[in-house]
Number of protein chains: 2
Amino acid sequence: MKTNRDFMPVYYQLADDLKQQIEAGELKPGDAVPSESQLVNDYGISRVTVRRGLAILLEAGLIETIKGIGNFVAKPKLNQVTLTFQENDPLNENSFIYQLLEVKRISADEIIAGKLGVGEGTKVFLIRRLINSDDGPVGVDMKYLPYIKGQPILENEIEYADFPAIVAKHTNVTIHKIEMSIAAAPLNDEEGELLKTLAGHPALCIHRAFYAKDGRTLGFSKTIYRGEAFELSAVSYPYSAKV
Amino acid sequence: MKTNRDFMPVYYQLADDLKQQIEAGELKPGDAVPSESQLVNDYGISRVTVRRGLAILLEAGLIETIKGIGNFVAKPKLNQVTLTFQENDPLNENSFIYQLLEVKRISADEIIAGKLGVGEGTKVFLIRRLINSDDGPVGVDMKYLPYIKGQPILENEIEYADFPAIVAKHTNVTIHKIEMSIAAAPLNDEEGELLKTLAGHPALCIHRAFYAKDGRTLGFSKTIYRGEAFELSAVSYPYSAKV
DNA sequence: CAGTGGTCTAGACCACCTT
DNA sequence: AGGTGGTCTAGACCACTGG
C-alpha cells in the first residue's frame with residue numbers, strides 16, 4: 001500500500017495488514033482477530049504462513065492468544081517497547097573489568113530473606129564485585145543466591161559466567177521469569193568510598209531477580225554505577241521479522 | 001534429562017539441548033551450530049520443527065545466522081536481556097498526570113540539530129511536559145520533532161497519544177528503529193526548580209530516538225525523573241516459546 | 001459436537017555462499 | 001554443483017473451548 005509490500009514475505013504482509021487495521025482503529029482492543037482458518041481463506045495462504053504472521057504481532061504485543069478461542073487485539077500498552085539490552089559495552093569489545101571483592105556465606109537479613117523468599121537468618125551466598133574501567137571504579141555489584149548444599153559456587157563460574165548462567169548452574173532449574181528495575185539513587189557512604197566518589201552522588205541502580213516456574217526466587221542482584229560513568233543503552237527494531 | 005523434557009514441545013527440547021551445549025562450553029562462540037539438515041537427521045524431526053527451535057535461540061541472541069552458510073554461536077553478550085517495558089501509561093491506575101508546559105517551534109541549536117539530523121537553525125517542534133504524581137512533580141519530559149509543513153501537531157495528540165504514535169502520525173512514516181539510553185544524572189538548576197528539588201539531586205534520565213528505515217531521525221525525547229519518585233521496571237520470560 | 005489454536009510432518013522452490 | 005538458510009504448502013493429529 002505505502003511501502004514496497006510486494007517484496008515482503010507473505011507472512012510479513014499479513015502481519016503488516018493486521019497491524020494497519022489495528023492502528024487505524026478498524027480492529028479495536030478486545031476485538032477478535034479473524035481466525036487462522038479465516039485468514040487462510042482470505043489470503044489464500046497456508047496456515048503455517050498465517051501463524052507466522054500472527055507470531056510477529058503476538059511478540060510485538062499487538063494481539064493476545066486464548067487457546068481454543070482465538071486471537072484478540074491487545075489493549076494498547078503505551079510506550080511498550082521490547083528492547084535488547086547491551087549492558088557492558090561502553091567501548092564495545094573491551095568492556096569493564098570485574099574485580100572480585102568477596103564470596104561469602106551470610107545470614108540473610110530481613111530484606112535479603114524477603115527478596116529470596118527464605119526465612120530470616122537462612123544462609124545465603126553473597127558475591128560482591130567491583131566494576132572497573134580503565135579510568136577507575138565505575139560500579140559495585142552484589143549478587144545473592146540461596147545456599148544449596150553440595151552445590152558450591154566455583155570462582156570459575158563467577159569470573160566467566162553471567163548471572164543467569166550462574167543461577168542456572170547453581171540451582172539446576174530453568175529460569176522462568178526475570179524482573180528488573182532501574183532507578184537513580186544517591187551513593188551511600190560505603191559505595192562512595194568504593195567508587196572514590198562522594199556519598200550522595202547520583203548513581204544508576206539496577207535490581208534483577210530471577211524466578212523459577214514455581215515462583216521460587218533463584219537469585220537476585222543489585223548493581224550500582226556511578227552516574228556519569230555508565231549508561232544503559234538499548235536498540236529495538238519494532239518490526240523486524242524475527243520469526 | 002533434568003527437567004520434564006518429555007512434556008515439552010520438540011522444538012523447545014531442541015532449543016534447550018543446544019542452549020545447554022552452548023552454556024556448557026561444548027559449543028563455543030563462533031562455532032557452527034549443526035546445520036538444519038543435520039539436526040533433522042540427528043533428532044529425526046522435520047525441518048520446520050528444527051527451524052522453530054533455532055528461532056528461539058536466534059531471538060534469545062544465543063546464535064547468529066548467516067544466510068547460505070549456517071548458524072553460529074554468538075559471542076556472549078553479558079547480561080543481555082530482552083525485556084518489555086511497562087513505562088507508566090496514563091489512564092492506568094497509579095500513573096502520572098502529564099501537564100503540558102509548552103508546545104513551540106524553535107530553532108534547533110547544535111545539539112538538537114545533531115540529534116534530529118537537520119541543519120542548525122532549522123525549525124523544530126518542542127513539546128515540554130511536567131510529570132506529576134499525587135505528591136507533586138516527579139519529572140520533566142521534552143520531545144523534539146522535525147517541523148513538517150502542513151502537519152501541525154494537535155494538542156489532542158499530545159494529550160492522548162504516546163510518542164511513537166505522535167511520531168508515526170506526524171511523519172507518516174513507519175518507525176524502523178528505536179534507540180534508548182538510561183542514565184543517572186544530577187538535576188540542573190531549571191529541572192530542580194520545576195521538580196521542587198535541589199539541583200544536583202539524582203535523577204533518572206531517559207533518552208529515546210526514533211528512526212525511519214532510511215536513517216532519518218523522526219523524533220527524540222529526553223525524560224527526567226526525580227530519582228526517588230520513579231523507577232523503570234521490566235519483566236521478561238526468557239523461554240516463553242513465542243514462535 | 002464444531003471451532004479454535006498448538007504441534008508436527010514431508011515435501012518443494014528459491015537465493016545465497018563456497019568449492 | 002552441492003550445501004546452506006528463507007519461504008511456503010497441504011495435509012495431519014492433538015487439547016482446548018464453547019454451545
# chains A, B, ... in the order shown; residues from 1 in each chain; ligands from 1
call {"tool": "interface_residues", "arguments": {"of": "chain B", "to": "chain C", "cutoff": "10 Å", "atoms": "only C-alpha atoms (C1' of nucleotides)", "output": "number ranges by chain"}}
result
B: 9-11, 45-49, 66-70
call {"tool": "write_last_selection", "arguments": {"atoms": "N, CA and C atoms", "output": "mmCIF file, in the first residue's frame"}}
result
data_model
loop_
_atom_site.group_PDB
_atom_site.id
_atom_site.type_symbol
_atom_site.label_atom_id
_atom_site.label_comp_id
_atom_site.auth_asym_id
_atom_site.auth_seq_id
_atom_site.Cartn_x
_atom_site.Cartn_y
_atom_site.Cartn_z
ATOM 1 N N PRO B 9 7.354 -29.318 23.976
ATOM 2 C CA PRO B 9 7.321 -29.462 22.526
ATOM 3 C C PRO B 9 8.718 -29.822 22.019
ATOM 4 N N VAL B 10 8.745 -30.519 20.911
ATOM 5 C CA VAL B 10 10.022 -30.966 20.351
ATOM 6 C C VAL B 10 10.939 -29.789 20.047
ATOM 7 N N TYR B 11 10.356 -28.716 19.461
ATOM 8 C CA TYR B 11 11.212 -27.602 19.084
ATOM 9 C C TYR B 11 11.849 -26.968 20.310
ATOM 10 N N ILE B 45 13.456 -35.224 13.295
ATOM 11 C CA ILE B 45 12.285 -34.354 13.242
ATOM 12 C C ILE B 45 12.318 -33.563 11.946
ATOM 13 N N SER B 46 11.231 -32.889 11.663
ATOM 14 C CA SER B 46 11.148 -32.186 10.386
ATOM 15 C C SER B 46 11.923 -30.871 10.437
ATOM 16 N N ARG B 47 12.174 -30.354 9.278
ATOM 17 C CA ARG B 47 12.971 -29.132 9.210
ATOM 18 C C ARG B 47 12.212 -27.954 9.814
ATOM 19 N N VAL B 48 10.929 -27.910 9.597
ATOM 20 C CA VAL B 48 10.120 -26.833 10.173
ATOM 21 C C VAL B 48 10.311 -26.792 11.688
ATOM 22 N N THR B 49 10.298 -27.949 12.284
ATOM 23 C CA THR B 49 10.434 -28.020 13.734
ATOM 24 C C THR B 49 11.830 -27.607 14.172
ATOM 25 N N ILE B 66 23.947 -16.733 9.323
ATOM 26 C CA ILE B 66 24.488 -16.162 8.088
ATOM 27 C C ILE B 66 23.910 -16.949 6.924
ATOM 28 N N LYS B 67 23.199 -16.226 6.110
ATOM 29 C CA LYS B 67 22.478 -16.881 5.012
ATOM 30 C C LYS B 67 23.448 -17.613 4.090
ATOM 31 N N GLY B 68 23.079 -18.788 3.741
ATOM 32 C CA GLY B 68 23.894 -19.551 2.808
ATOM 33 C C GLY B 68 25.093 -20.215 3.450
ATOM 34 N N ILE B 69 25.306 -19.939 4.723
ATOM 35 C CA ILE B 69 26.472 -20.516 5.399
ATOM 36 C C ILE B 69 26.065 -21.363 6.589
ATOM 37 N N GLY B 70 25.390 -20.759 7.523
ATOM 38 C CA GLY B 70 24.991 -21.557 8.673
ATOM 39 C C GLY B 70 24.656 -20.727 9.887
#
call {"tool": "interface_residues", "arguments": {"of": "chain D", "to": "chain B", "cutoff": "9 Å", "atoms": "only C-alpha atoms (C1' of nucleotides)", "output": "MDAnalysis selection string"}}
result
chainID D and resid 3:6
call {"tool": "select_by_dssp", "arguments": {"residues": "segment 99-155 of chain B", "states": "helix (DSSP H, G or I)", "output": "list in words"}}
result
Glu110, Ile111, Ile112, Ala113, Gly114, Lys115, Leu116 and Glu155 of chain B
call {"tool": "write_last_selection", "arguments": {"atoms": "all heavy atoms", "output": "short mmCIF file (atom, residue, chain, number, x, y, z; two decimals), in the first residue's frame"}}
result
data_model
loop_
_atom_site.label_atom_id
_atom_site.label_comp_id
_atom_site.auth_asym_id
_atom_site.auth_seq_id
_atom_site.Cartn_x
_atom_site.Cartn_y
_atom_site.Cartn_z
N GLU B 110 22.74 23.47 18.18
CA GLU B 110 23.68 22.49 17.64
C GLU B 110 23.32 21.07 18.07
O GLU B 110 23.29 20.14 17.26
CB GLU B 110 25.10 22.85 18.10
CG GLU B 110 26.18 22.05 17.37
CD GLU B 110 27.55 22.39 17.90
OE1 GLU B 110 27.68 23.44 18.56
OE2 GLU B 110 28.48 21.61 17.67
N ILE B 111 23.04 20.92 19.35
CA ILE B 111 22.75 19.59 19.89
C ILE B 111 21.49 19.02 19.27
O ILE B 111 21.47 17.89 18.76
CB ILE B 111 22.62 19.65 21.42
CG1 ILE B 111 23.97 20.07 22.02
CG2 ILE B 111 22.18 18.31 21.96
CD1 ILE B 111 23.93 20.32 23.51
N ILE B 112 20.43 19.82 19.32
CA ILE B 112 19.15 19.36 18.79
C ILE B 112 19.28 19.02 17.31
O ILE B 112 18.80 17.98 16.84
CB ILE B 112 18.07 20.46 18.94
CG1 ILE B 112 18.01 20.97 20.38
CG2 ILE B 112 16.71 19.93 18.51
CD1 ILE B 112 17.59 19.98 21.36
N ALA B 113 19.94 19.91 16.57
CA ALA B 113 20.11 19.70 15.14
C ALA B 113 20.86 18.39 14.89
O ALA B 113 20.50 17.61 14.01
CB ALA B 113 20.85 20.87 14.51
N GLY B 114 21.88 18.18 15.69
CA GLY B 114 22.64 16.94 15.52
C GLY B 114 21.79 15.71 15.79
O GLY B 114 21.80 14.76 15.02
N LYS B 115 21.02 15.78 16.85
CA LYS B 115 20.18 14.62 17.20
C LYS B 115 19.14 14.34 16.13
O LYS B 115 18.85 13.20 15.79
CB LYS B 115 19.46 14.90 18.53
CG LYS B 115 20.40 14.99 19.72
CD LYS B 115 20.43 13.70 20.50
CE LYS B 115 21.13 13.88 21.84
NZ LYS B 115 21.39 12.58 22.50
N LEU B 116 18.56 15.42 15.61
CA LEU B 116 17.49 15.24 14.62
C LEU B 116 18.04 15.10 13.20
O LEU B 116 17.28 14.81 12.27
CB LEU B 116 16.50 16.40 14.68
CG LEU B 116 15.48 16.37 15.81
CD1 LEU B 116 14.52 17.54 15.70
CD2 LEU B 116 14.69 15.07 15.81
N GLU B 155 -3.06 19.39 19.86
CA GLU B 155 -2.97 19.20 21.31
C GLU B 155 -3.57 17.86 21.70
O GLU B 155 -3.11 17.21 22.63
CB GLU B 155 -3.73 20.34 22.02
CG GLU B 155 -3.09 21.69 21.83
CD GLU B 155 -2.97 22.44 23.15
OE1 GLU B 155 -3.51 21.96 24.16
OE2 GLU B 155 -2.31 23.49 23.17
#
call {"tool": "closest_residue", "arguments": {"among": "B:Asn132, B:Thr197, B:Thr223, B:Gln38", "to": "Ala183 of chain B", "atoms": "only C-alpha atoms"}}
result
B:Thr223
call {"tool": "atom_distance", "arguments": {"atom1": "atom CA of Leu204 of chain B", "atom2": "atom CA of Gly219 of chain B"}}
result
20.2 Å
call {"tool": "select_by_dssp", "arguments": {"residues": "segment 12-132 of chain A", "states": "strand (DSSP E or B)", "output": "VMD selection string"}}
result
chain A and resid 32 63 to 66 70 to 73 82 to 85 97 to 107 123 to 132
call {"tool": "decode", "arguments": {"residues": "segment 182-207 of chain B", "atoms": "N, CA and C atoms", "output": "PDB file, in the first residue's frame"}}
result
ATOM      1  N   ILE B 182      19.557   5.020  29.152  1.00  0.00           N
ATOM      2  CA  ILE B 182      19.109   5.277  30.514  1.00  0.00           C
ATOM      3  C   ILE B 182      20.326   5.567  31.369  1.00  0.00           C
ATOM      4  N   ALA B 183      20.288   6.658  32.064  1.00  0.00           N
ATOM      5  CA  ALA B 183      21.439   7.015  32.883  1.00  0.00           C
ATOM      6  C   ALA B 183      20.978   7.733  34.142  1.00  0.00           C
ATOM      7  N   ALA B 184      21.885   7.853  35.076  1.00  0.00           N
ATOM      8  CA  ALA B 184      21.629   8.655  36.270  1.00  0.00           C
ATOM      9  C   ALA B 184      22.435   9.925  36.159  1.00  0.00           C
ATOM     10  N   ALA B 185      21.801  11.052  36.418  1.00  0.00           N
ATOM     11  CA  ALA B 185      22.496  12.325  36.295  1.00  0.00           C
ATOM     12  C   ALA B 185      21.937  13.296  37.336  1.00  0.00           C
ATOM     13  N   PRO B 186      22.704  14.283  37.690  1.00  0.00           N
ATOM     14  CA  PRO B 186      22.188  15.280  38.634  1.00  0.00           C
ATOM     15  C   PRO B 186      21.227  16.223  37.928  1.00  0.00           C
ATOM     16  N   LEU B 187      20.236  16.684  38.650  1.00  0.00           N
ATOM     17  CA  LEU B 187      19.315  17.682  38.104  1.00  0.00           C
ATOM     18  C   LEU B 187      20.073  18.988  37.883  1.00  0.00           C
ATOM     19  N   ASN B 188      19.752  19.686  36.811  1.00  0.00           N
ATOM     20  CA  ASN B 188      20.317  21.024  36.666  1.00  0.00           C
ATOM     21  C   ASN B 188      19.387  22.032  37.348  1.00  0.00           C
ATOM     22  N   ASP B 189      19.750  23.282  37.290  1.00  0.00           N
ATOM     23  CA  ASP B 189      19.006  24.287  38.050  1.00  0.00           C
ATOM     24  C   ASP B 189      17.544  24.373  37.634  1.00  0.00           C
ATOM     25  N   GLU B 190      17.338  24.424  36.316  1.00  0.00           N
ATOM     26  CA  GLU B 190      15.974  24.571  35.822  1.00  0.00           C
ATOM     27  C   GLU B 190      15.121  23.357  36.189  1.00  0.00           C
ATOM     28  N   GLU B 191      15.696  22.192  36.020  1.00  0.00           N
ATOM     29  CA  GLU B 191      14.959  20.974  36.355  1.00  0.00           C
ATOM     30  C   GLU B 191      14.665  20.923  37.842  1.00  0.00           C
ATOM     31  N   GLY B 192      15.672  21.303  38.620  1.00  0.00           N
ATOM     32  CA  GLY B 192      15.475  21.305  40.060  1.00  0.00           C
ATOM     33  C   GLY B 192      14.324  22.208  40.463  1.00  0.00           C
ATOM     34  N   GLU B 193      14.253  23.343  39.814  1.00  0.00           N
ATOM     35  CA  GLU B 193      13.187  24.287  40.133  1.00  0.00           C
ATOM     36  C   GLU B 193      11.821  23.706  39.774  1.00  0.00           C
ATOM     37  N   LEU B 194      11.746  23.158  38.583  1.00  0.00           N
ATOM     38  CA  LEU B 194      10.484  22.562  38.130  1.00  0.00           C
ATOM     39  C   LEU B 194      10.052  21.417  39.053  1.00  0.00           C
ATOM     40  N   LEU B 195      11.009  20.659  39.503  1.00  0.00           N
ATOM     41  CA  LEU B 195      10.685  19.476  40.303  1.00  0.00           C
ATOM     42  C   LEU B 195      10.739  19.773  41.801  1.00  0.00           C
ATOM     43  N   LYS B 196      10.887  21.035  42.128  1.00  0.00           N
ATOM     44  CA  LYS B 196      10.906  21.449  43.532  1.00  0.00           C
ATOM     45  C   LYS B 196      11.939  20.669  44.337  1.00  0.00           C
ATOM     46  N   THR B 197      13.085  20.535  43.738  1.00  0.00           N
ATOM     47  CA  THR B 197      14.186  19.826  44.378  1.00  0.00           C
ATOM     48  C   THR B 197      15.452  20.631  44.143  1.00  0.00           C
ATOM     49  N   LEU B 198      16.503  20.277  44.842  1.00  0.00           N
ATOM     50  CA  LEU B 198      17.751  20.997  44.645  1.00  0.00           C
ATOM     51  C   LEU B 198      18.467  20.496  43.386  1.00  0.00           C
ATOM     52  N   ALA B 199      19.123  21.381  42.714  1.00  0.00           N
ATOM     53  CA  ALA B 199      19.998  20.965  41.626  1.00  0.00           C
ATOM     54  C   ALA B 199      21.043  20.022  42.203  1.00  0.00           C
ATOM     55  N   GLY B 200      21.464  19.050  41.400  1.00  0.00           N
ATOM     56  CA  GLY B 200      22.429  18.077  41.877  1.00  0.00           C
ATOM     57  C   GLY B 200      21.791  16.808  42.400  1.00  0.00           C
ATOM     58  N   HIS B 201      20.496  16.878  42.635  1.00  0.00           N
ATOM     59  CA  HIS B 201      19.749  15.721  43.116  1.00  0.00           C
ATOM     60  C   HIS B 201      19.779  14.607  42.054  1.00  0.00           C
ATOM     61  N   PRO B 202      19.935  13.344  42.468  1.00  0.00           N
ATOM     62  CA  PRO B 202      19.978  12.255  41.489  1.00  0.00           C
ATOM     63  C   PRO B 202      18.680  12.153  40.700  1.00  0.00           C
ATOM     64  N   ALA B 203      18.833  11.993  39.405  1.00  0.00           N
ATOM     65  CA  ALA B 203      17.664  11.870  38.534  1.00  0.00           C
ATOM     66  C   ALA B 203      17.894  10.784  37.500  1.00  0.00           C
ATOM     67  N   LEU B 204      16.801  10.137  37.137  1.00  0.00           N
ATOM     68  CA  LEU B 204      16.859   9.130  36.080  1.00  0.00           C
ATOM     69  C   LEU B 204      16.612   9.846  34.755  1.00  0.00           C
ATOM     70  N   CYS B 205      17.499   9.637  33.828  1.00  0.00           N
ATOM     71  CA  CYS B 205      17.479  10.385  32.580  1.00  0.00           C
ATOM     72  C   CYS B 205      17.342   9.419  31.414  1.00  0.00           C
ATOM     73  N   ILE B 206      16.226   9.529  30.717  1.00  0.00           N
ATOM     74  CA  ILE B 206      15.938   8.573  29.639  1.00  0.00           C
ATOM     75  C   ILE B 206      15.880   9.302  28.302  1.00  0.00           C
ATOM     76  N   HIS B 207      16.711   8.865  27.405  1.00  0.00           N
ATOM     77  CA  HIS B 207      16.690   9.408  26.048  1.00  0.00           C
ATOM     78  C   HIS B 207      16.084   8.377  25.114  1.00  0.00           C
TER      79      HIS B 207
END
